[in-house]
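K.L.:
Handing over structure-v4.pdb, PDB, C-alpha atoms and all ligand atoms.
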```
ATOM      1  CA  MET A1411     102.246  80.217 101.827
ATOM      2  CA  ASN A1412      99.419  80.560 104.338
ATOM      3  CA  GLN A1413      97.474  83.411 105.901
ATOM      4  CA  ILE A1414     100.151  83.946 108.549
ATOM      5  CA  ASP A1415     102.472  85.131 105.809
ATOM      6  CA  VAL A1416     100.107  87.666 104.273
ATOM      7  CA  TYR A1417      98.977  89.220 107.545
ATOM      8  CA  LYS A1418      99.828  88.989 111.230
ATOM      9  CA  THR A1419      97.130  86.781 112.688
ATOM     10  CA  TYR A1420      95.787  86.920 116.223
ATOM     11  CA  SER A1421      96.104  83.164 116.707
ATOM     12  CA  GLU A1422      99.798  83.330 115.932
ATOM     13  CA  TYR A1423     100.244  86.289 118.281
ATOM     14  CA  LEU A1424      98.530  84.379 121.104
ATOM     15  CA  LYS A1425     100.635  81.288 120.513
ATOM     16  CA  ASN A1426     103.841  83.321 120.647
ATOM     17  CA  GLN A1427     102.707  85.268 123.689
ATOM     18  CA  PHE A1428     101.301  82.399 125.767
ATOM     19  CA  GLY A1429     103.052  79.380 124.301
ATOM     20  CA  GLU A1430      99.871  77.675 123.107
ATOM     21  CA  LYS A1431      96.440  78.237 121.660
ATOM     22  CA  VAL A1432      94.282  80.615 123.712
ATOM     23  CA  TYR A1433      90.490  80.853 123.578
ATOM     24  CA  LYS A1434      88.300  83.895 124.191
ATOM     25  CA  LEU A1435      85.328  83.398 126.496
ATOM     26  CA  PRO A1436      82.535  85.946 125.906
ATOM     27  CA  ILE A1437      80.868  87.500 128.950
ATOM     28  CA  SER A1438      77.638  89.422 128.874
ATOM     29  CA  LEU A1439      76.916  92.016 131.578
ATOM     30  CA  PRO A1440      73.513  93.508 132.381
ATOM     31  CA  LEU A1441      74.194  96.979 131.048
ATOM     32  CA  THR A1442      73.404  99.327 128.214
ATOM     33  CA  CYS A1443      75.255 101.909 126.188
ATOM     34  CA  PRO A1444      75.514 105.714 126.572
ATOM     35  CA  ASN A1445      74.502 106.049 122.928
ATOM     36  CA  ARG A1446      71.181 104.405 123.707
ATOM     37  CA  ASP A1447      70.081 105.772 127.054
ATOM     38  CA  GLY A1448      70.430 109.486 126.270
ATOM     39  CA  CYS A1449      73.807 110.091 127.924
ATOM     40  CA  VAL A1450      75.531 110.907 124.619
ATOM     41  CA  GLY A1451      72.747 109.877 122.255
ATOM     42  CA  THR A1452      69.535 107.967 121.780
ATOM     43  CA  GLY A1453      68.623 105.127 119.456
ATOM     44  CA  GLY A1454      72.181 103.777 119.313
ATOM     45  CA  CYS A1455      74.326 103.347 116.223
ATOM     46  CA  THR A1456      72.094 102.871 113.186
ATOM     47  CA  PHE A1457      73.374  99.309 112.625
ATOM     48  CA  CYS A1458      73.213  98.105 116.233
ATOM     49  CA  GLY A1459      70.696  95.383 117.077
ATOM     50  CA  GLU A1460      69.274  94.501 120.478
ATOM     51  CA  GLU A1461      72.301  92.466 121.524
ATOM     52  CA  GLY A1462      74.572  95.529 121.534
ATOM     53  CA  GLY A1463      77.262  94.177 119.300
ATOM     54  CA  SER A1464      77.208  90.469 120.138
ATOM     55  CA  PHE A1465      74.920  87.556 119.515
ATOM     56  CA  GLU A1466      76.787  84.523 120.816
ATOM     57  CA  ASN A1467      76.769  85.170 124.549
ATOM     58  CA  LEU A1468      75.240  83.335 127.491
ATOM     59  CA  SER A1469      72.511  85.081 129.471
ATOM     60  CA  ASN A1470      73.619  88.117 131.450
ATOM     61  CA  GLN A1471      71.500  86.747 134.306
ATOM     62  CA  LEU A1472      74.361  84.342 135.012
ATOM     63  CA  SER A1473      77.239  85.690 137.083
ATOM     64  CA  VAL A1474      80.607  86.425 135.472
ATOM     65  CA  LYS A1475      82.073  83.335 137.135
ATOM     66  CA  GLU A1476      79.205  81.126 135.940
ATOM     67  CA  GLN A1477      79.513  82.355 132.355
ATOM     68  CA  ILE A1478      83.272  81.822 132.343
ATOM     69  CA  SER A1479      83.034  78.356 133.938
ATOM     70  CA  LYS A1480      80.329  77.123 131.572
ATOM     71  CA  ASN A1481      82.167  78.234 128.449
ATOM     72  CA  MET A1482      85.549  77.174 129.794
ATOM     73  CA  ASP A1483      84.389  73.651 130.685
ATOM     74  CA  TYR A1484      82.907  73.192 127.235
ATOM     75  CA  ILE A1485      86.002  74.431 125.378
ATOM     76  CA  LYS A1486      88.378  72.508 127.647
ATOM     77  CA  LYS A1487      86.541  69.269 126.859
ATOM     78  CA  ARG A1488      86.114  69.942 123.161
ATOM     79  CA  TYR A1489      89.554  71.336 122.279
ATOM     80  CA  LYS A1490      91.685  70.295 125.274
ATOM     81  CA  ALA A1491      92.287  74.020 125.799
ATOM     82  CA  LYS A1492      94.253  75.244 128.794
ATOM     83  CA  LYS A1493      94.437  79.035 128.544
ATOM     84  CA  PHE A1494      91.675  81.594 128.129
ATOM     85  CA  ILE A1495      90.861  85.272 127.757
ATOM     86  CA  ALA A1496      87.796  86.616 129.560
ATOM     87  CA  TYR A1497      86.049  88.854 127.043
ATOM     88  CA  PHE A1498      83.542  91.456 128.226
ATOM     89  CA  GLN A1499      81.837  91.758 124.884
ATOM     90  CA  ASN A1500      78.373  93.269 124.714
ATOM     91  CA  PHE A1501      77.401  96.957 124.782
ATOM     92  CA  SER A1502      79.848  99.348 126.533
ATOM     93  CA  ASN A1503      81.452  97.409 129.365
ATOM     94  CA  THR A1504      82.927 100.436 131.104
ATOM     95  CA  TYR A1505      79.543 102.186 131.247
ATOM     96  CA  LEU A1506      79.310 101.285 134.919
ATOM     97  CA  PRO A1507      80.172 102.950 138.213
ATOM     98  CA  LEU A1508      83.865 102.329 138.808
ATOM     99  CA  GLU A1509      83.310 100.122 141.871
ATOM    100  CA  LYS A1510      80.844  97.896 139.995
ATOM    101  CA  PHE A1511      83.246  97.657 137.059
ATOM    102  CA  LYS A1512      86.059  96.629 139.422
ATOM    103  CA  GLU A1513      83.848  93.922 140.932
ATOM    104  CA  TYR A1514      83.065  92.395 137.516
ATOM    105  CA  VAL A1515      86.709  92.472 136.415
ATOM    106  CA  ARG A1516      87.905  90.916 139.678
ATOM    107  CA  ASP A1517      85.317  88.145 139.238
ATOM    108  CA  ALA A1518      86.980  87.247 135.950
ATOM    109  CA  ILE A1519      90.413  86.660 137.502
ATOM    110  CA  LEU A1520      90.217  82.889 137.691
ATOM    111  CA  GLU A1521      92.554  79.975 137.161
ATOM    112  CA  ASP A1522      93.625  79.568 133.507
ATOM    113  CA  ILE A1523      92.570  83.130 132.614
ATOM    114  CA  VAL A1524      95.655  84.720 131.039
ATOM    115  CA  GLY A1525      94.010  87.805 129.594
ATOM    116  CA  ILE A1526      91.020  90.091 129.943
ATOM    117  CA  SER A1527      89.499  92.015 127.025
ATOM    118  CA  VAL A1528      87.068  94.830 127.656
ATOM    119  CA  SER A1529      84.965  96.094 124.803
ATOM    120  CA  THR A1530      83.749  99.685 124.990
ATOM    121  CA  ARG A1531      83.261 103.038 123.252
ATOM    122  CA  PRO A1532      86.077 105.573 122.877
ATOM    123  CA  ASP A1533      84.106 108.118 124.932
ATOM    124  CA  CYS A1534      83.433 105.635 127.737
ATOM    125  CA  ILE A1535      86.832 105.141 129.332
ATOM    126  CA  ASN A1536      88.881 107.405 131.582
ATOM    127  CA  ASP A1537      92.069 107.407 133.641
ATOM    128  CA  ASN A1538      90.401 105.967 136.778
ATOM    129  CA  TYR A1539      89.258 102.833 134.939
ATOM    130  CA  LEU A1540      92.613 102.547 133.187
ATOM    131  CA  LEU A1541      94.589 102.889 136.406
ATOM    132  CA  PHE A1542      92.597 100.055 137.965
ATOM    133  CA  LEU A1543      93.147  97.838 134.898
ATOM    134  CA  LYS A1544      96.865  98.599 134.907
ATOM    135  CA  GLU A1545      97.085  97.551 138.574
ATOM    136  CA  ILE A1546      95.248  94.294 137.790
ATOM    137  CA  GLN A1547      97.557  93.637 134.854
ATOM    138  CA  GLU A1548     100.649  94.066 136.991
ATOM    139  CA  LYS A1549      99.386  92.312 140.129
ATOM    140  CA  TYR A1550      98.034  89.181 138.443
ATOM    141  CA  ASP A1551     100.241  89.124 135.332
ATOM    142  CA  ILE A1552      97.128  89.129 133.142
ATOM    143  CA  GLU A1553      97.311  90.849 129.755
ATOM    144  CA  ILE A1554      94.610  93.488 129.461
ATOM    145  CA  THR A1555      93.227  94.728 126.159
ATOM    146  CA  ILE A1556      90.652  97.455 125.609
ATOM    147  CA  GLU A1557      88.619  96.917 122.451
ATOM    148  CA  LEU A1558      87.383 100.217 121.057
ATOM    149  CA  GLY A1559      84.614 100.462 118.496
ATOM    150  CA  LEU A1560      85.586 103.137 115.997
ATOM    151  CA  GLN A1561      84.146 101.767 112.703
ATOM    152  CA  THR A1562      85.741 104.477 110.545
ATOM    153  CA  VAL A1563      88.005 107.507 110.839
ATOM    154  CA  ASN A1564      85.630 109.383 108.508
ATOM    155  CA  TYR A1565      83.843 111.605 111.007
ATOM    156  CA  HIS A1566      81.142 112.438 108.463
ATOM    157  CA  SER A1567      80.283 108.737 108.268
ATOM    158  CA  LEU A1568      80.416 108.527 112.072
ATOM    159  CA  GLU A1569      77.704 111.169 112.142
ATOM    160  CA  LYS A1570      75.666 109.258 109.539
ATOM    161  CA  ILE A1571      75.687 106.094 111.653
ATOM    162  CA  ASN A1572      74.847 108.088 114.807
ATOM    163  CA  ARG A1573      77.943 107.000 116.704
ATOM    164  CA  GLY A1574      77.631 109.831 119.214
ATOM    165  CA  HIS A1575      81.385 110.506 119.109
ATOM    166  CA  SER A1576      83.827 111.674 116.463
ATOM    167  CA  LEU A1577      87.439 110.827 115.686
ATOM    168  CA  ALA A1578      88.880 113.008 118.459
ATOM    169  CA  GLU A1579      87.453 110.899 121.289
ATOM    170  CA  PHE A1580      89.003 107.813 119.732
ATOM    171  CA  ILE A1581      92.439 109.435 119.484
ATOM    172  CA  ASP A1582      92.157 110.572 123.108
ATOM    173  CA  ALA A1583      91.188 107.063 124.277
ATOM    174  CA  VAL A1584      94.038 105.343 122.410
ATOM    175  CA  LEU A1585      96.669 107.767 123.730
ATOM    176  CA  ARG A1586      95.384 107.297 127.293
ATOM    177  CA  ILE A1587      95.239 103.487 127.068
ATOM    178  CA  LYS A1588      98.808 103.382 125.814
ATOM    179  CA  ARG A1589      99.991 105.658 128.628
ATOM    180  CA  PHE A1590      98.757 103.011 131.058
ATOM    181  CA  ASN A1591     100.619 100.315 129.155
ATOM    182  CA  LEU A1592      97.488  98.382 128.203
ATOM    183  CA  ARG A1593      96.799  96.909 124.787
ATOM    184  CA  VAL A1594      94.303  98.496 122.442
ATOM    185  CA  CYS A1595      92.286  96.779 119.751
ATOM    186  CA  THR A1596      90.214  98.784 117.262
ATOM    187  CA  HIS A1597      87.070  97.638 115.474
ATOM    188  CA  LEU A1598      86.459  98.935 111.944
ATOM    189  CA  ILE A1599      83.715  98.369 109.391
ATOM    190  CA  LEU A1600      85.256  98.572 105.933
ATOM    191  CA  ASN A1601      82.043  98.654 103.899
ATOM    192  CA  LEU A1602      80.087 101.511 105.407
ATOM    193  CA  PRO A1603      77.946 102.803 102.514
ATOM    194  CA  TRP A1604      79.304 106.366 102.847
ATOM    195  CA  ASP A1605      82.981 105.385 102.848
ATOM    196  CA  HIS A1606      85.260 105.046  99.827
ATOM    197  CA  MET A1607      88.706 103.560  99.249
ATOM    198  CA  ILE A1608      90.292 106.835 100.365
ATOM    199  CA  ASP A1609      88.662 106.364 103.786
ATOM    200  CA  VAL A1610      89.890 102.768 103.964
ATOM    201  CA  ILE A1611      93.465 103.958 103.373
ATOM    202  CA  GLU A1612      93.072 106.739 105.914
ATOM    203  CA  ASN A1613      91.778 104.170 108.434
ATOM    204  CA  ALA A1614      95.014 102.240 108.012
ATOM    205  CA  LYS A1615      97.203 105.329 108.187
ATOM    206  CA  VAL A1616      95.589 106.727 111.330
ATOM    207  CA  LEU A1617      95.696 103.382 113.166
ATOM    208  CA  SER A1618      99.337 102.874 112.163
ATOM    209  CA  ALA A1619     100.230 106.387 113.323
ATOM    210  CA  LEU A1620      98.485 105.793 116.664
ATOM    211  CA  ASP A1621     100.302 102.483 117.004
ATOM    212  CA  VAL A1622      97.270 100.448 118.071
ATOM    213  CA  ASP A1623      98.095  96.843 118.945
ATOM    214  CA  GLU A1624      95.264  94.931 117.306
ATOM    215  CA  ILE A1625      92.521  95.433 114.741
ATOM    216  CA  LYS A1626      89.256  93.677 114.001
ATOM    217  CA  LEU A1627      87.820  94.274 110.535
ATOM    218  CA  HIS A1628      84.090  93.754 110.174
ATOM    219  CA  SER A1629      81.766  93.729 107.214
ATOM    220  CA  LEU A1630      78.574  95.637 107.818
ATOM    221  CA  TYR A1631      75.502  93.491 108.329
ATOM    222  CA  ILE A1632      71.962  94.779 108.416
ATOM    223  CA  VAL A1633      69.652  93.608 111.166
ATOM    224  CA  GLU A1634      65.877  93.888 110.973
ATOM    225  CA  GLY A1635      64.474  96.561 113.267
ATOM    226  CA  THR A1636      67.436  98.965 113.003
ATOM    227  CA  VAL A1637      67.552 102.412 111.366
ATOM    228  CA  LEU A1638      69.996 100.964 108.853
ATOM    229  CA  ALA A1639      67.446  98.290 107.908
ATOM    230  CA  GLU A1640      64.915 101.012 107.092
ATOM    231  CA  GLU A1641      67.470 102.884 104.987
ATOM    232  CA  TYR A1642      68.281  99.639 103.170
ATOM    233  CA  LYS A1643      64.632  98.808 102.481
ATOM    234  CA  ASN A1644      63.996 102.350 101.243
ATOM    235  CA  ASP A1645      66.980 102.135  98.861
ATOM    236  CA  GLU A1646      68.645 105.028 100.651
ATOM    237  CA  ILE A1647      71.927 103.127 100.906
ATOM    238  CA  THR A1648      73.806 100.835  98.545
ATOM    239  CA  MET A1649      76.038  98.057  99.761
ATOM    240  CA  ILE A1650      79.325  97.564  97.940
ATOM    241  CA  SER A1651      79.942  94.215  96.207
ATOM    242  CA  LYS A1652      81.882  91.335  97.723
ATOM    243  CA  ASP A1653      84.713  91.975  95.245
ATOM    244  CA  GLU A1654      84.938  95.592  96.347
ATOM    245  CA  TYR A1655      85.011  94.491  99.999
ATOM    246  CA  ILE A1656      87.889  92.135  99.185
ATOM    247  CA  GLU A1657      89.734  95.010  97.462
ATOM    248  CA  ARG A1658      89.198  97.221 100.495
ATOM    249  CA  VAL A1659      90.527  94.616 102.925
ATOM    250  CA  ILE A1660      93.603  93.931 100.794
ATOM    251  CA  THR A1661      94.314  97.652 100.440
ATOM    252  CA  PHE A1662      93.816  98.195 104.171
ATOM    253  CA  LEU A1663      96.256  95.388 104.975
ATOM    254  CA  GLU A1664      98.803  96.759 102.513
ATOM    255  CA  TYR A1665      98.770 100.142 104.239
ATOM    256  CA  ILE A1666      98.618  99.027 107.862
ATOM    257  CA  ASN A1667     101.786  98.730 109.942
ATOM    258  CA  PRO A1668     103.006  95.103 109.670
ATOM    259  CA  GLU A1669     103.510  94.917 113.452
ATOM    260  CA  ILE A1670      99.806  95.344 114.217
ATOM    261  CA  VAL A1671      97.952  92.116 114.985
ATOM    262  CA  ILE A1672      94.859  91.479 112.866
ATOM    263  CA  GLN A1673      92.176  89.696 114.876
ATOM    264  CA  ARG A1674      89.868  89.206 111.921
ATOM    265  CA  ILE A1675      89.321  90.428 108.369
ATOM    266  CA  ILE A1676      85.604  89.795 108.070
ATOM    267  CA  GLY A1677      82.788  89.727 110.597
ATOM    268  CA  ARG A1678      80.340  87.000 111.485
ATOM    269  CA  ALA A1679      76.654  87.671 111.953
ATOM    270  CA  PRO A1680      73.449  85.864 112.816
ATOM    271  CA  GLU A1681      71.491  84.854 109.709
ATOM    272  CA  GLU A1682      68.193  85.049 111.540
ATOM    273  CA  ASN A1683      66.546  88.443 111.325
ATOM    274  CA  THR A1684      69.334  89.744 109.109
ATOM    275  CA  LEU A1685      68.588  91.492 105.801
ATOM    276  CA  PHE A1686      72.145  91.582 104.538
ATOM    277  CA  VAL A1687      75.188  89.661 105.662
ATOM    278  CA  ASN A1688      78.417  88.793 103.876
ATOM    279  CA  TRP A1689      76.835  88.577 100.423
ATOM    280  CA  GLN A1690      75.127  85.347 101.519
ATOM    281  CA  GLU A1691      78.467  83.541 101.763
ATOM    282  CA  SER A1692      80.227  81.941 104.722
ATOM    283  CA  TRP A1693      82.569  84.417 106.385
ATOM    284  CA  TRP A1694      85.461  81.969 106.244
ATOM    285  CA  LYS A1695      85.102  81.492 102.479
ATOM    286  CA  ILE A1696      85.487  85.232 101.985
ATOM    287  CA  ARG A1697      88.448  85.250 104.378
ATOM    288  CA  ASP A1698      90.091  82.454 102.383
ATOM    289  CA  GLU A1699      89.433  84.312  99.135
ATOM    290  CA  ILE A1700      91.152  87.427 100.489
ATOM    291  CA  VAL A1701      94.188  85.402 101.578
ATOM    292  CA  SER A1702      94.341  83.554  98.274
ATOM    293  CA  GLN A1703      94.150  86.794  96.271
ATOM    294  CA  MET A1704      96.932  88.305  98.356
ATOM    295  CA  GLU A1705      99.084  85.258  97.730
ATOM    296  CA  GLN A1706      98.433  85.417  93.994
ATOM    297  CA  ARG A1707      99.304  89.112  93.874
ATOM    298  CA  LYS A1708     102.377  88.517  96.052
ATOM    299  CA  THR A1709     101.243  91.256  98.388
ATOM    300  CA  TYR A1710     101.176  91.338 102.207
ATOM    301  CA  GLN A1711     100.462  93.416 105.305
ATOM    302  CA  GLY A1712     102.481  96.615 105.422
ATOM    303  CA  ILE A1713     103.868  96.554 101.879
ATOM    304  CA  LYS A1714     102.636 100.163 101.453
ATOM    305  CA  CYS A1715     103.280 101.329 105.010
ATOM    306  CA  ASP A1716     105.900 103.899 103.989
ATOM    307  CA  TYR A1717     104.180 107.102 105.106
ATOM    308  CA  LEU A1718     105.249 107.437 108.764
ATOM    309  CA  ASN A1719     108.241 109.258 110.277
ATOM    310  CA  GLY A1720     108.785 111.935 107.631
ATOM    311  CA  LYS A1721     108.225 110.314 104.262
ATOM    312  CA  ALA A1722     109.367 113.484 102.473
ATOM    313  CA  LEU A1723     112.823 113.199 104.030
ATOM    314  CA  LYS A1724     113.454 109.620 103.004
ATOM    315  CA  ASN A1725     115.429 110.411  99.843
ATOM    316  CA  LEU A1726     117.554 113.089 101.474
ATOM    317  CA  ASN A1727     119.405 110.646 103.727
ATOM    318  CA  ILE A1728     118.773 112.858 106.761
TER
HETATM  319  S1  LIG A1801      78.217 101.961 120.789
HETATM  320 FE1  LIG A1801      78.089  99.725 120.505
HETATM  321  S2  LIG A1801      76.461  99.030 121.882
HETATM  322 FE2  LIG A1801      76.272 101.265 121.691
HETATM  323  S3  LIG A1801      74.759 101.558 120.096
HETATM  324 FE3  LIG A1801      76.773 101.627 119.114
HETATM  325  S4  LIG A1801      77.239  99.514 118.449
HETATM  326 FE4  LIG A1801      75.492  99.446 119.901
END
```
Would you put the structure from the file into structure tokens?

P.N.:
Amino acid sequence: MNQIDVYKTYSEYLKNQFGEKVYKLPISLPLTCPNRDGCVGTGGCTFCGEEGGSFENLSNQLSVKEQISKNMDYIKKRYKAKKFIAYFQNFSNTYLPLEKFKEYVRDAILEDIVGISVSTRPDCINDNYLLFLKEIQEKYDIEITIELGLQTVNYHSLEKINRGHSLAEFIDAVLRIKRFNLRVCTHLILNLPWDHMIDVIENAKVLSALDVDEIKLHSLYIVEGTVLAEEYKNDEITMISKDEYIERVITFLEYINPEIVIQRIIGRAPEENTLFVNWQESWWKIRDEIVSQMEQRKTYQGIKCDYLNGKALKNLNI
């Protein structure tokens, strides 16, 4: 048995969808985030470092086409890759005037690009942007995915990490994205210090009920210079153990709808300037441990997803 059997992996989804392996090419735009510049908040999320959610990108001084070409050439040579997804990754990529946003997206429609992913906040997308993306999807036959940072459905924790939005904005964004027939991916952090197992289960239930298409699970890492780093140094927060993180991921996967694609089950982070990351272990070792424990326990994604569509009526044969 391998990891494909215990959860629905992104790589397998891409292979089925596009007939071969597909690689994501990160793009960095010169922009900021409404939770930093005072629009909805200041200071940003308490865990967010200077890079705005990414640390592996090329300089945003390069054009979209230059960034795509550089990364594409490298990956084509190294892996003999043929198909790619242009991934607008850092900060809130829809926090731009609509015309500017359209220009950047159009610049990414290049040969061998089969998909475009746009990462943003739930309160930073509206019908005008979605209509444009839907038209692009249909005209160029390019699969478009909006990646929404949620982190947790626990709106008390959202307040603690200064997200600047609550659960309602996320629900609104998902319903809108789906109305325009675009894919939606949700980012969650399963080890926020204020969350418990009950929140992890609720995360899975809410995302299953909303029928999101993809999920990325992250482990919280603490970067020097952030509010979270200060809280950590002052012993105001306690990080859960690696074993507890593994339990949370397994439980989340058990409750989530088996049809939802799981992009990742643990995050990666820069080691430089980082006070806490993945219990000082390689991310892939923890991923392998989760898979191996699921195999041993004979459990898998969706085994406990029995709560939708009127659970109370199930025994009445109605
Ligand atoms: S919404 Fe994203 S980019 Fe903005 S502060 Fe939070 S994590 Fe950083």

K.L.:
Please evaluate the PyMOL selection byres (((not hetatm)) within 12 of (chain A and resi 1801)) against the structure above and give the resulting residues as number ranges by chain.

P.N.:
A: 1438-1439, 1441-1465, 1499-1505, 1529-1534, 1557-1561, 1568-1569, 1571-1575, 1597-1599, 1630-1631, 1636-1637

K.L.:
Using all atoms listed in the file, determine which residues lie at most 12 Å from A:Ile1608, disregarding the query and same-chain residues fewer than 6 positions distant; provide the list as a VMD selection string.

P.N.:
chain A and resid 1562 to 1564 1600 1614 to 1615 1658 1661 to 1662 1665

K.L.:
I'd like the interatomic distance between atom CA of A:Arg1697 and atom CA of A:Val1610, to a tenth of an Å.

P.N.:
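Atom CA of A:Val1610 lies 17.6 Å from atom CA of A:Arg1697.
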
K.L.:
Within 9 Å of A:Lys1431, counting all atoms listed in the file, which residues show up once you throw out same-chain ones fewer than 3 positions away? Write them as a compact mmCIF listing (two decimals) with C-alpha atoms, in the coordinates of the input, please.

P.N.:
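After the write, out.txt holds the following:
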```txt
# COMPACT_ATOMS: atom_id res chain seq x y z
CA SER A 1421 96.10 83.16 116.71
CA GLU A 1422 99.80 83.33 115.93
CA LEU A 1424 98.53 84.38 121.10
CA LYS A 1425 100.64 81.29 120.51
CA PHE A 1428 101.30 82.40 125.77
CA ALA A 1491 92.29 74.02 125.80
CA LYS A 1492 94.25 75.24 128.79
CA LYS A 1493 94.44 79.04 128.54
CA PHE A 1494 91.68 81.59 128.13
```

K.L.:
Given all atoms listed in the file as the basis, pick out the residue of A:Val1633, A:Leu1663, A:Glu1699, A:Tyr1710 nearest to A:Glu1682.

P.N.:
A:Val1633

K.L.:
Name the residues in contact with A:Gly1677 at a cut-off of 7 Å, using only C-alpha atoms, excluding same-chain residues fewer than 2 positions from it; report them as number ranges by chain.

P.N.:
A: 1627-1629, 1675, 1679, 1693

K.L.:
Where does the PyMOL selection byres (((chain A and resi 1669) around 12) and not hetatm) land in this file, that is, which residues does it pick, as a compact mmCIF listing (two decimals) with C-alpha atoms, keeping the file's coordinate frame?

P.N.:
```
# COMPACT_ATOMS: atom_id res chain seq x y z
CA TYR A 1417 98.98 89.22 107.54
CA LYS A 1418 99.83 88.99 111.23
CA THR A 1419 97.13 86.78 112.69
CA TYR A 1420 95.79 86.92 116.22
CA TYR A 1423 100.24 86.29 118.28
CA LEU A 1617 95.70 103.38 113.17
CA SER A 1618 99.34 102.87 112.16
CA ALA A 1619 100.23 106.39 113.32
CA ASP A 1621 100.30 102.48 117.00
CA VAL A 1622 97.27 100.45 118.07
CA ASP A 1623 98.10 96.84 118.94
CA GLU A 1624 95.26 94.93 117.31
CA ILE A 1625 92.52 95.43 114.74
CA LEU A 1663 96.26 95.39 104.98
CA TYR A 1665 98.77 100.14 104.24
CA ILE A 1666 98.62 99.03 107.86
CA ASN A 1667 101.79 98.73 109.94
CA PRO A 1668 103.01 95.10 109.67
CA ILE A 1670 99.81 95.34 114.22
CA VAL A 1671 97.95 92.12 114.98
CA ILE A 1672 94.86 91.48 112.87
CA GLN A 1711 100.46 93.42 105.30
CA GLY A 1712 102.48 96.62 105.42
CA ILE A 1713 103.87 96.55 101.88
CA CYS A 1715 103.28 101.33 105.01
```

K.L.:
In Å, with one decimal, what is the gap from atom CA of A:Val1528 to atom CA of A:His1566?

P.N.:
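According to the coordinates, atom CA of A:Val1528 and atom CA of A:His1566 are separated by 26.7 Å.
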
K.L.:
One number please: atom CA of A:Ser1473 to atom CA of A:Gln1427, in Å, one decimal.

P.N.:
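So the answer is 28.8 Å.
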
K.L.:
If we count all atoms listed in the file, what is near A:Thr1709 at a cut-off of 8 Å, once residues fewer than 3 positions away on the same chain are taken out, given as a list in words?

P.N.:
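So, after excluding close chain neighbours, the residues are Val1416, Glu1664, Met1704, Glu1705, Gln1706 and Ile1713 of chain A.
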
K.L.:
Can you pull out the residues contacting A:Ile1478? Cut-off 9 Å, using all atoms listed in the file, and skip same-chain residues under 2 positions away; I want them as a ChimeraX atom specification.

P.N.:
/A:1435-1437,1473-1476,1480-1483,1496,1518,1520

K.L.:
Which residue out of A:Val1584, A:Tyr1565, A:Asn1727, A:Val1659 has the minimum interatomic distance to A:Ile1535 when all atoms listed in the file are used?

P.N.:
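Distance minimum relative to A:Ile1535 lands on A:Val1584.
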
K.L.:
Can you tell me, as JSON, the centre and edge lengths (Å, one decimal) of the axis-aligned box enclosing all of stretch 1504-1514 of chain A's listed atoms after padding each side by 4 Å?

P.N.:
```
{"center_x": 82.7, "center_y": 97.7, "center_z": 136.5, "size_x": 14.7, "size_y": 18.6, "size_z": 18.8}
```

K.L.:
Extract stretch 1568-1579 of chain A from the preceding block and save N, CA and C atoms as a short mmCIF file (atom, residue, chain, number, x, y, z; two decimals), in the first residue's frame.

P.N.:
```cif
data_model
loop_
_atom_site.label_atom_id
_atom_site.label_comp_id
_atom_site.auth_asym_id
_atom_site.auth_seq_id
_atom_site.Cartn_x
_atom_site.Cartn_y
_atom_site.Cartn_z
N LEU A 1568 -8.90 32.61 14.60
CA LEU A 1568 -8.64 33.56 13.50
C LEU A 1568 -8.39 34.96 14.06
N GLU A 1569 -9.12 35.30 15.11
CA GLU A 1569 -8.92 36.60 15.74
C GLU A 1569 -7.54 36.65 16.42
N LYS A 1570 -7.17 35.53 17.07
CA LYS A 1570 -5.88 35.48 17.77
C LYS A 1570 -4.70 35.66 16.81
N ILE A 1571 -4.83 35.12 15.60
CA ILE A 1571 -3.71 35.26 14.66
C ILE A 1571 -3.87 36.49 13.77
N ASN A 1572 -4.83 37.34 14.10
CA ASN A 1572 -5.02 38.62 13.39
C ASN A 1572 -5.25 38.42 11.89
N ARG A 1573 -6.13 37.49 11.56
CA ARG A 1573 -6.38 37.23 10.14
C ARG A 1573 -7.09 38.38 9.44
N GLY A 1574 -7.89 39.13 10.19
CA GLY A 1574 -8.59 40.25 9.55
C GLY A 1574 -9.88 39.82 8.84
N HIS A 1575 -10.21 38.52 8.91
CA HIS A 1575 -11.50 38.06 8.41
C HIS A 1575 -11.93 36.90 9.30
N SER A 1576 -13.20 36.56 9.24
CA SER A 1576 -13.67 35.43 10.05
C SER A 1576 -14.09 34.29 9.12
N LEU A 1577 -14.88 33.38 9.62
CA LEU A 1577 -15.26 32.21 8.82
C LEU A 1577 -16.25 32.60 7.70
N ALA A 1578 -17.08 33.58 7.96
CA ALA A 1578 -18.14 33.95 7.01
C ALA A 1578 -17.57 34.36 5.65
N GLU A 1579 -16.50 35.13 5.66
CA GLU A 1579 -15.91 35.59 4.39
C GLU A 1579 -15.40 34.39 3.59
#
```
